[in-house]
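Visitor: The following block contains the structure, expressed as structure tokens.
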Amino acid sequence: TAGAALEFFVMSESVLSTFSREQAERLQAEGLARILEVISLPVRTLEDIIRQECGGKSPAFLSLDIEGVDVEVVKSTDWSCVRPAVVCV
């Protein structure tokens, strides 16, 4: 959706940075990484990205790595509009 944004937790170990507050706080509590900062990042729906970046045609292969919110994106996607042959999460 236009204008939507989510908090992104920048971790001291950059590969552990995430959109998930729960995951960031758990990593910090376990001493695996520190939360360096929380920034607001603009976000778009998968449908919007495909419409704008793929000319509305679903890609044959879709790989998702969305820093801790992969399951939420899969659940919130209207799969009647987005029809890739293969989805890798």
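The chains in the structure tokens are called A, B, ... from first to last as shown; in each chain the residues are counted from 1, and the ligands are counted from 1 in the order shown.
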Near A:Asp48, within 12 Å and counting only C-alpha atoms, which residues show up once chain neighbours fewer than 5 positions away are dropped, as an NGL selection string?
Guide: :A and (1-2 or 43 or 53-58 or 77-78 or 81-82)
Visitor: Could you write those residues out with N, CA and C atoms, as a compact mmCIF listing (two decimals), in the first residue's frame?
Guide:
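Output contents, as saved in out-v3.txt:
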# COMPACT_ATOMS: atom_id res chain seq x y z
N THR A 1 0.83 -1.19 0.00
CA THR A 1 0.00 0.00 0.00
C THR A 1 0.87 1.25 0.00
N ALA A 2 0.42 2.25 -0.69
CA ALA A 2 1.19 3.49 -0.80
C ALA A 2 1.36 4.12 0.57
N VAL A 43 7.43 0.07 2.57
CA VAL A 43 7.16 -1.30 2.10
C VAL A 43 6.04 -1.27 1.06
N GLU A 53 6.92 -3.87 -11.35
CA GLU A 53 8.25 -4.28 -11.80
C GLU A 53 8.23 -5.37 -12.87
N CYS A 54 7.14 -6.11 -12.96
CA CYS A 54 7.06 -7.23 -13.91
C CYS A 54 5.97 -7.01 -14.95
N GLY A 55 5.49 -5.78 -15.06
CA GLY A 55 4.44 -5.48 -16.02
C GLY A 55 3.15 -6.23 -15.77
N GLY A 56 2.91 -6.61 -14.50
CA GLY A 56 1.68 -7.31 -14.15
C GLY A 56 1.73 -8.80 -14.40
N LYS A 57 2.78 -9.30 -15.03
CA LYS A 57 2.91 -10.74 -15.29
C LYS A 57 3.64 -11.40 -14.13
N SER A 58 3.08 -12.48 -13.63
CA SER A 58 3.74 -13.20 -12.53
C SER A 58 5.02 -13.85 -13.03
N THR A 77 -0.61 -12.43 0.82
CA THR A 77 -0.62 -12.25 -0.62
C THR A 77 -1.89 -12.83 -1.23
N ASP A 78 -2.46 -12.10 -2.16
CA ASP A 78 -3.62 -12.59 -2.93
C ASP A 78 -3.09 -13.45 -4.06
N CYS A 81 -4.03 -13.30 -7.79
CA CYS A 81 -3.42 -12.28 -8.66
C CYS A 81 -1.96 -12.61 -8.97
N VAL A 82 -1.30 -13.27 -8.05
CA VAL A 82 0.12 -13.59 -8.18
C VAL A 82 0.22 -15.10 -8.35
Visitor: May I have all residues of chain A that DSSP, computed from the backbone, assigns to strand (DSSP E), given as a list in words?
Guide: Ala5, Leu6, Glu7, Phe8, Phe9, Val10, Met11, Ile35, Leu36, Glu37, Val38, Ile39, Ser40, Leu41, Pro42, Phe61, Leu62, Ser63, Val86, Val87 and Cys88 of chain A
Visitor: For A:Glu13, list every protein, DNA or RNA residue within 12 Å, evaluated using only C-alpha atoms, and leave out those in the same chain fewer than 2 positions away; present the list as a PyMOL selection string.
Guide: chain A and resi 9-11+15-18+24+27-28+31-36
Visitor: Identify which of the residues A:Ile39, A:Ser12, A:Pro84, A:Val89 lies closest to A:Val71, counting only C-alpha atoms when measuring atom-to-atom distances.
Guide: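 Between A:Ile39, A:Ser12, A:Pro84, A:Val89, the residue approaching A:Val71 most closely is A:Val89.
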Visitor: Please identify the alpha helix (DSSP H) residues within chain A (assignment by DSSP from backbone atoms) and present them as number ranges by chain.
Guide: A: 21-29, 46-53, 70-76
Visitor: Return the single residue from A:Ser63, A:Ser20, A:Gln52, A:Leu46 that is closest to A:Lys75, with distances computed using only C-alpha atoms.
Guide: A:Leu46
Visitor: Ranking A:Ala5, A:Val69, A:Ala60, A:Ala29 by minimum distance to A:Pro42 and counting only C-alpha atoms, which one comes first?
Guide: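 Closest to A:Pro42 of all the choices is A:Ala5.
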Visitor: Could you jot down the atom CA of A:Ile66 to atom CA of A:Leu6 separation for me, Å, one decimal place?
Guide: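 Distance reported for this atom pair: 12.0 Å.
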